[in-house]
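Reading through the structure tokens given below for one structure.
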Amino acid sequence: MKDKMYWLVVLTGMISFVSVLTYINQFDGAWSTICMLLFSMLIPLSALFFRRNNVVWFLFATFFTTIVVRNADQHDWSQVGWWTALTYLPLLLQLIFILHEGYQKNGSQSMVLSFIRMFIGFNWLTHCTEKLFVSNHDAGLVGFFQTVVGPNTFGTILSEQLAINMIVLGGVVELTAAISLGLGVLSRFGALVAALYLIAAEVMSGHFGVGYTWMLPGGGWEVPFYFFMVTIPFMLPHSGGALSLDKEWQLSRRLDIIGKATGF
């Protein structure tokens, strides 16, 4: 059954794409429309194209589904979000299949590492979508960068354009971490990027000055510190687990061969 599950993802992915077409007038501009059309279309296409490898199509389909769902829910495009979220049902079943098969083949430690790495990585998508895949950034987010990040980083309130530029830059870093950790592509690099970004974000946003508890007004540094602590172990060698593009496509091995051949 696990080898046929991709057909359900193709079906639910097509439902997502149709819902995007149906509610296309809700998006806030041309860029949002392009992104929602592209990523919803990539859900079924990735499942179909990589159908011969259960891990690879699962990773890509989860990646694109999460972008569409998060972007829709973040901006009140709720119909698209709910229809696209149907894809999580076959993805959850496929996750159970590949974890069970991976446990038998690679043991529990590898599966635990894979599961945590994927969760941490895909979680970054819930942050970068609001920064990269909308035509107009939320006024509250822009205001936060202007009046909170600006004084904490530069000692002054930022202009709107500079705040938007910083938002986009932050989104690019977050997307890099999502690709590297979520998909398992050079995950040690992704862990380093994510850890450094979390430190910078904490300093620039002023969370350290609030206190530890996240529920304090303004947000303490509890939750970012938690993600920092569960991220840094993935900087260690052979810590990414078996469920990754590195493992499936032997990317790390090929890069090692290239490095030895070129002297790097």
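Residue numbering restarts at 1 in every chain; chains get A, B, ... in the order shown in the structure tokens, and ligands count up from 1 in that same order.
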
Write out as a PDB file with N, CA and C atoms, in the first residue's frame which residues come within 7 Å of Val168 of chain A when counting only C-alpha atoms, dropping same-chain ones fewer than 3 positions away.
ATOM      1  N   LYS A 131       6.938  35.939   4.918  1.00  0.00           N
ATOM      2  CA  LYS A 131       7.968  36.902   4.528  1.00  0.00           C
ATOM      3  C   LYS A 131       8.273  36.885   3.039  1.00  0.00           C
ATOM      4  N   LEU A 132       8.071  35.735   2.381  1.00  0.00           N
ATOM      5  CA  LEU A 132       8.526  35.593   1.002  1.00  0.00           C
ATOM      6  C   LEU A 132       7.425  35.438  -0.032  1.00  0.00           C
ATOM      7  N   ILE A 164      10.970  46.106   5.288  1.00  0.00           N
ATOM      8  CA  ILE A 164      10.557  45.071   4.337  1.00  0.00           C
ATOM      9  C   ILE A 164      11.776  44.312   3.808  1.00  0.00           C
ATOM     10  N   ASN A 165      12.871  45.047   3.547  1.00  0.00           N
ATOM     11  CA  ASN A 165      14.091  44.385   3.074  1.00  0.00           C
ATOM     12  C   ASN A 165      14.619  43.395   4.117  1.00  0.00           C
ATOM     13  N   GLY A 171      13.379  35.928   5.641  1.00  0.00           N
ATOM     14  CA  GLY A 171      12.649  34.848   4.994  1.00  0.00           C
ATOM     15  C   GLY A 171      13.545  33.953   4.168  1.00  0.00           C
ATOM     16  N   VAL A 172      14.534  34.540   3.499  1.00  0.00           N
ATOM     17  CA  VAL A 172      15.473  33.748   2.700  1.00  0.00           C
ATOM     18  C   VAL A 172      16.286  32.820   3.597  1.00  0.00           C
TER      19      VAL A 172
END

List the neighbours of segment 137-151 of chain A out to 8 Å using only C-alpha atoms; skip same-chain residues closer than 5 positions along the sequence, and give me the result as a JSON list (two decimals) with N, CA, C and O atoms, in the first residue's frame.
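File out-v6.json, as written:
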[["chain", "number", "residue", "atom", "x", "y", "z"],
["A", 130, "GLU", "N", 5.23, 33.90, 5.33],
["A", 130, "GLU", "CA", 4.69, 35.25, 5.51],
["A", 130, "GLU", "C", 5.66, 36.32, 5.08],
["A", 130, "GLU", "O", 5.29, 37.48, 4.88],
["A", 131, "LYS", "N", 6.94, 35.94, 4.92],
["A", 131, "LYS", "CA", 7.97, 36.90, 4.53],
["A", 131, "LYS", "C", 8.27, 36.88, 3.04],
["A", 131, "LYS", "O", 8.69, 37.90, 2.48],
["A", 156, "THR", "N", 17.33, 52.95, 16.15],
["A", 156, "THR", "CA", 16.37, 53.90, 15.63],
["A", 156, "THR", "C", 15.24, 53.15, 14.92],
["A", 156, "THR", "O", 15.40, 51.98, 14.55],
["A", 157, "ILE", "N", 14.12, 53.82, 14.75],
["A", 157, "ILE", "CA", 13.00, 53.24, 14.03],
["A", 157, "ILE", "C", 13.36, 53.15, 12.54],
["A", 157, "ILE", "O", 13.91, 54.09, 11.97],
["A", 158, "LEU", "N", 13.04, 52.02, 11.91],
["A", 158, "LEU", "CA", 13.40, 51.79, 10.51],
["A", 158, "LEU", "C", 12.35, 52.39, 9.58],
["A", 158, "LEU", "O", 11.17, 52.51, 9.93],
["A", 159, "SER", "N", 12.80, 52.73, 8.38],
["A", 159, "SER", "CA", 11.85, 53.10, 7.34],
["A", 159, "SER", "C", 11.08, 51.85, 6.91],
["A", 159, "SER", "O", 11.53, 50.72, 7.13],
["A", 160, "GLU", "N", 9.94, 52.07, 6.31],
["A", 160, "GLU", "CA", 9.13, 50.93, 5.89],
["A", 160, "GLU", "C", 9.87, 50.04, 4.90],
["A", 160, "GLU", "O", 9.83, 48.81, 5.00],
["A", 163, "ALA", "N", 12.58, 48.00, 6.58],
["A", 163, "ALA", "CA", 11.96, 46.92, 7.36],
["A", 163, "ALA", "C", 11.55, 45.77, 6.45],
["A", 163, "ALA", "O", 11.76, 44.60, 6.77],
["A", 164, "ILE", "N", 10.97, 46.11, 5.29],
["A", 164, "ILE", "CA", 10.56, 45.07, 4.34],
["A", 164, "ILE", "C", 11.78, 44.31, 3.81],
["A", 164, "ILE", "O", 11.75, 43.08, 3.67],
["A", 166, "MET", "N", 14.56, 43.77, 5.38],
["A", 166, "MET", "CA", 15.00, 42.87, 6.45],
["A", 166, "MET", "C", 14.07, 41.66, 6.58],
["A", 166, "MET", "O", 14.52, 40.54, 6.85],
["A", 167, "ILE", "N", 12.79, 41.88, 6.38],
["A", 167, "ILE", "CA", 11.82, 40.79, 6.42],
["A", 167, "ILE", "C", 12.13, 39.76, 5.33],
["A", 167, "ILE", "O", 12.15, 38.55, 5.57],
["A", 204, "MET", "N", 18.08, 40.81, 18.09],
["A", 204, "MET", "CA", 17.48, 41.90, 17.33],
["A", 204, "MET", "C", 16.04, 42.18, 17.74],
["A", 204, "MET", "O", 15.57, 43.31, 17.61],
["A", 205, "SER", "N", 15.34, 41.17, 18.24],
["A", 205, "SER", "CA", 13.93, 41.36, 18.60],
["A", 205, "SER", "C", 13.74, 41.77, 20.05],
["A", 205, "SER", "O", 12.61, 42.07, 20.46],
["A", 206, "GLY", "N", 14.80, 41.73, 20.83],
["A", 206, "GLY", "CA", 14.70, 42.17, 22.22],
["A", 206, "GLY", "C", 14.11, 41.17, 23.18],
["A", 206, "GLY", "O", 13.75, 41.52, 24.31]]

Near segment 102-119 of chain A, within 7 Å and counting only C-alpha atoms, which residues show up once chain neighbours fewer than 2 positions away are dropped, as a compact mmCIF listing (two decimals) with all heavy atoms, in the first residue's frame?
# COMPACT_ATOMS: atom_id res chain seq x y z
N ILE A 98 6.92 4.79 6.11
CA ILE A 98 8.35 4.94 5.91
C ILE A 98 9.11 4.91 7.25
O ILE A 98 10.26 4.47 7.30
CB ILE A 98 8.70 6.22 5.12
CG1 ILE A 98 8.24 7.49 5.84
CG2 ILE A 98 8.11 6.15 3.72
CD1 ILE A 98 8.61 8.77 5.09
N LEU A 99 8.47 5.36 8.33
CA LEU A 99 9.11 5.23 9.63
C LEU A 99 9.22 3.77 10.04
O LEU A 99 10.25 3.33 10.58
CB LEU A 99 8.33 6.02 10.69
CG LEU A 99 8.47 7.54 10.67
CD1 LEU A 99 7.57 8.17 11.71
CD2 LEU A 99 9.92 7.97 10.89
N HIS A 100 8.17 2.99 9.78
CA HIS A 100 8.19 1.56 10.12
C HIS A 100 9.25 0.83 9.29
O HIS A 100 10.05 0.04 9.81
CB HIS A 100 6.82 0.95 9.88
CG HIS A 100 6.76 -0.52 10.19
ND1 HIS A 100 6.87 -1.49 9.21
CD2 HIS A 100 6.62 -1.18 11.37
CE1 HIS A 100 6.80 -2.68 9.77
NE2 HIS A 100 6.63 -2.52 11.08
N GLY A 121 12.88 21.34 10.54
CA GLY A 121 13.03 21.97 9.24
C GLY A 121 11.73 22.49 8.67
O GLY A 121 11.64 23.65 8.25
N PHE A 122 10.70 21.65 8.67
CA PHE A 122 9.42 22.08 8.10
C PHE A 122 8.78 23.19 8.94
O PHE A 122 7.97 23.97 8.42
CB PHE A 122 8.48 20.89 7.96
CG PHE A 122 8.89 19.91 6.88
CD1 PHE A 122 8.81 18.55 7.09
CD2 PHE A 122 9.36 20.37 5.67
CE1 PHE A 122 9.18 17.64 6.11
CE2 PHE A 122 9.75 19.48 4.67
CZ PHE A 122 9.66 18.12 4.89
N ASN A 123 9.11 23.25 10.20
CA ASN A 123 8.59 24.33 11.05
C ASN A 123 9.05 25.70 10.56
O ASN A 123 8.34 26.70 10.73
CB ASN A 123 9.00 24.12 12.50
CG ASN A 123 8.38 25.14 13.44
OD1 ASN A 123 7.19 25.11 13.71
ND2 ASN A 123 9.20 26.06 13.91
N LEU A 181 17.20 21.38 6.46
CA LEU A 181 16.80 20.49 7.54
C LEU A 181 15.55 19.68 7.18
O LEU A 181 15.49 18.47 7.43
CB LEU A 181 16.56 21.29 8.82
CG LEU A 181 17.81 21.80 9.52
CD1 LEU A 181 17.43 22.80 10.62
CD2 LEU A 181 18.63 20.67 10.10
N GLY A 182 14.55 20.34 6.61
CA GLY A 182 13.31 19.64 6.30
C GLY A 182 13.50 18.54 5.28
O GLY A 182 13.01 17.42 5.45
N LEU A 183 14.21 18.86 4.20
CA LEU A 183 14.43 17.88 3.15
C LEU A 183 15.67 17.03 3.39
O LEU A 183 15.85 16.00 2.73
CB LEU A 183 14.55 18.57 1.79
CG LEU A 183 13.32 19.37 1.33
CD1 LEU A 183 13.60 20.05 0.00
CD2 LEU A 183 12.10 18.47 1.22
N SER A 239 24.26 12.95 11.82
CA SER A 239 23.18 13.19 12.79
C SER A 239 21.83 13.44 12.12
O SER A 239 20.83 13.62 12.81
CB SER A 239 23.52 14.40 13.67
OG SER A 239 23.69 15.57 12.89
N GLY A 240 21.79 13.44 10.78
CA GLY A 240 20.55 13.80 10.09
C GLY A 240 19.54 12.70 9.97
O GLY A 240 18.39 12.96 9.63
N GLY A 241 19.93 11.46 10.23
CA GLY A 241 19.00 10.35 10.08
C GLY A 241 18.92 9.88 8.63
O GLY A 241 19.43 10.51 7.71
N ALA A 242 18.24 8.77 8.44
CA ALA A 242 18.21 8.12 7.12
C ALA A 242 17.20 8.72 6.16
O ALA A 242 17.35 8.62 4.95
CB ALA A 242 17.93 6.62 7.29
N LEU A 243 16.14 9.34 6.68
CA LEU A 243 15.08 9.85 5.82
C LEU A 243 15.43 11.25 5.33
O LEU A 243 15.01 12.26 5.90
CB LEU A 243 13.74 9.86 6.56
CG LEU A 243 13.29 8.51 7.14
CD1 LEU A 243 11.93 8.65 7.80
CD2 LEU A 243 13.27 7.44 6.07

Members of segment 18-217 of chain A assigned alpha helix (DSSP H) by DSSP, as a PyMOL selection string: chain A and resi 18-22+30-49+54-74+78-85+88-106+108-123+125-132+139-144+150-153+160-177+187-205+207-210

May I have the residues from that selection written out with C-alpha atoms, as a compact mmCIF listing (two decimals), in the first residue's frame?
# COMPACT_ATOMS: atom_id res chain seq x y z
CA VAL A 18 -8.37 23.63 -8.03
CA SER A 19 -9.15 25.42 -4.75
CA VAL A 20 -6.41 27.95 -5.51
CA LEU A 21 -7.92 28.54 -8.94
CA THR A 22 -11.40 28.84 -7.43
CA ALA A 30 0.31 38.93 -8.60
CA TRP A 31 3.21 37.49 -6.57
CA SER A 32 0.90 35.79 -4.07
CA THR A 33 -1.13 34.35 -6.91
CA ILE A 34 1.95 32.98 -8.68
CA CYS A 35 3.28 31.43 -5.47
CA MET A 36 0.00 29.79 -4.52
CA LEU A 37 -0.52 28.42 -8.02
CA LEU A 38 3.06 27.17 -8.26
CA PHE A 39 3.30 25.45 -4.88
CA SER A 40 -0.16 23.89 -5.05
CA MET A 41 0.68 22.52 -8.49
CA LEU A 42 3.99 21.12 -7.21
CA ILE A 43 2.20 18.98 -4.60
CA PRO A 44 0.74 16.47 -7.10
CA LEU A 45 3.60 16.87 -9.57
CA SER A 46 6.28 16.04 -7.00
CA ALA A 47 4.36 12.97 -5.83
CA LEU A 48 3.91 11.78 -9.41
CA PHE A 49 7.42 12.57 -10.63
CA ASN A 54 8.62 6.86 -1.28
CA VAL A 55 10.89 8.98 0.91
CA VAL A 56 11.69 11.56 -1.78
CA TRP A 57 8.10 12.20 -2.89
CA PHE A 58 6.96 12.30 0.73
CA LEU A 59 9.53 14.97 1.60
CA PHE A 60 8.76 17.17 -1.39
CA ALA A 61 4.98 16.83 -1.10
CA THR A 62 5.10 17.67 2.62
CA PHE A 63 7.31 20.68 1.86
CA PHE A 64 4.96 22.17 -0.75
CA THR A 65 1.79 21.31 1.18
CA THR A 66 3.07 23.09 4.27
CA ILE A 67 3.85 26.24 2.29
CA VAL A 68 0.36 26.41 0.78
CA VAL A 69 -1.46 25.62 4.04
CA ARG A 70 0.58 28.08 6.09
CA ASN A 71 0.33 30.85 3.53
CA ALA A 72 -3.42 30.37 3.22
CA ASP A 73 -4.10 30.24 6.96
CA GLN A 74 -1.79 33.15 7.72
CA SER A 78 -9.05 29.68 4.76
CA GLN A 79 -10.90 27.73 2.05
CA VAL A 80 -7.62 27.03 0.27
CA GLY A 81 -5.96 26.11 3.56
CA TRP A 82 -8.61 23.58 4.53
CA TRP A 83 -8.77 21.92 1.11
CA THR A 84 -4.99 21.69 0.91
CA ALA A 85 -4.77 20.31 4.45
CA TYR A 88 -1.80 15.74 5.26
CA LEU A 89 -3.99 12.65 5.67
CA PRO A 90 -2.21 10.47 3.07
CA LEU A 91 1.09 12.09 4.01
CA LEU A 92 0.58 11.00 7.62
CA LEU A 93 -0.12 7.45 6.51
CA GLN A 94 2.96 7.48 4.31
CA LEU A 95 5.04 8.80 7.20
CA ILE A 96 3.94 5.83 9.31
CA PHE A 97 4.91 3.45 6.51
CA ILE A 98 8.35 4.94 5.91
CA LEU A 99 9.11 5.23 9.63
CA HIS A 100 8.19 1.56 10.12
CA GLU A 101 10.26 0.49 7.13
CA GLY A 102 13.12 2.75 8.20
CA TYR A 103 13.05 1.35 11.71
CA GLN A 104 13.42 -2.16 10.38
CA LYS A 105 16.23 -1.15 8.05
CA ASN A 106 18.14 1.51 10.02
CA SER A 108 15.19 3.45 16.05
CA GLN A 109 17.97 6.02 16.52
CA SER A 110 18.06 6.93 12.84
CA MET A 111 14.29 7.28 12.72
CA VAL A 112 14.19 9.49 15.81
CA LEU A 113 16.85 11.76 14.31
CA SER A 114 15.00 11.86 10.98
CA PHE A 115 11.67 12.67 12.61
CA ILE A 116 13.03 15.50 14.76
CA ARG A 117 15.09 16.95 11.90
CA MET A 118 12.09 16.99 9.57
CA PHE A 119 9.87 18.63 12.20
CA ILE A 120 12.42 21.35 12.93
CA GLY A 121 13.03 21.97 9.24
CA PHE A 122 9.42 22.08 8.10
CA ASN A 123 8.59 24.33 11.05
CA LEU A 125 8.23 27.08 6.55
CA THR A 126 5.62 28.45 8.95
CA HIS A 127 7.81 31.54 9.29
CA CYS A 128 9.28 32.15 5.85
CA THR A 129 5.93 31.99 4.00
CA GLU A 130 4.69 35.25 5.51
CA LYS A 131 7.97 36.90 4.53
CA LEU A 132 8.53 35.59 1.00
CA ALA A 139 1.26 45.77 8.56
CA GLY A 140 1.82 44.32 12.01
CA LEU A 141 4.91 42.42 10.84
CA VAL A 142 6.34 45.50 9.13
CA GLY A 143 5.60 47.58 12.23
CA PHE A 144 7.36 45.03 14.45
CA GLY A 150 15.05 48.67 14.38
CA PRO A 151 15.75 50.19 17.83
CA ASN A 152 17.25 46.92 19.13
CA THR A 153 19.55 46.57 16.11
CA GLU A 160 9.13 50.93 5.89
CA GLN A 161 11.28 49.87 2.92
CA LEU A 162 14.25 48.92 5.09
CA ALA A 163 11.96 46.92 7.36
CA ILE A 164 10.56 45.07 4.34
CA ASN A 165 14.09 44.39 3.07
CA MET A 166 15.00 42.87 6.45
CA ILE A 167 11.82 40.79 6.42
CA VAL A 168 12.68 39.35 3.01
CA LEU A 169 16.28 38.66 4.06
CA GLY A 170 15.04 36.86 7.16
CA GLY A 171 12.65 34.85 4.99
CA VAL A 172 15.47 33.75 2.70
CA VAL A 173 17.50 32.50 5.68
CA GLU A 174 14.44 30.70 7.07
CA LEU A 175 13.73 29.08 3.71
CA THR A 176 17.36 27.93 3.53
CA ALA A 177 17.00 26.26 6.93
CA SER A 187 21.58 19.21 7.21
CA ARG A 188 24.71 20.12 9.21
CA PHE A 189 24.89 23.37 7.24
CA GLY A 190 21.18 23.95 7.77
CA ALA A 191 21.53 23.43 11.51
CA LEU A 192 24.34 25.99 11.65
CA VAL A 193 22.31 28.53 9.65
CA ALA A 194 19.24 27.99 11.85
CA ALA A 195 21.20 28.24 15.11
CA LEU A 196 22.97 31.46 14.11
CA TYR A 197 19.71 32.93 12.87
CA LEU A 198 17.95 32.13 16.15
CA ILE A 199 20.69 33.89 18.11
CA ALA A 200 20.52 36.95 15.85
CA ALA A 201 16.71 37.01 15.96
CA GLU A 202 16.69 36.90 19.74
CA VAL A 203 19.14 39.80 20.04
CA MET A 204 17.48 41.90 17.33
CA SER A 205 13.93 41.36 18.60
CA HIS A 207 13.39 38.90 23.65
CA PHE A 208 16.37 38.57 25.98
CA GLY A 209 15.37 41.77 27.70
CA VAL A 210 11.83 40.49 28.32

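Put simply, atom CA of Thr231 of chain A is 29.4 Å away from atom CA of Val9 of chain A.
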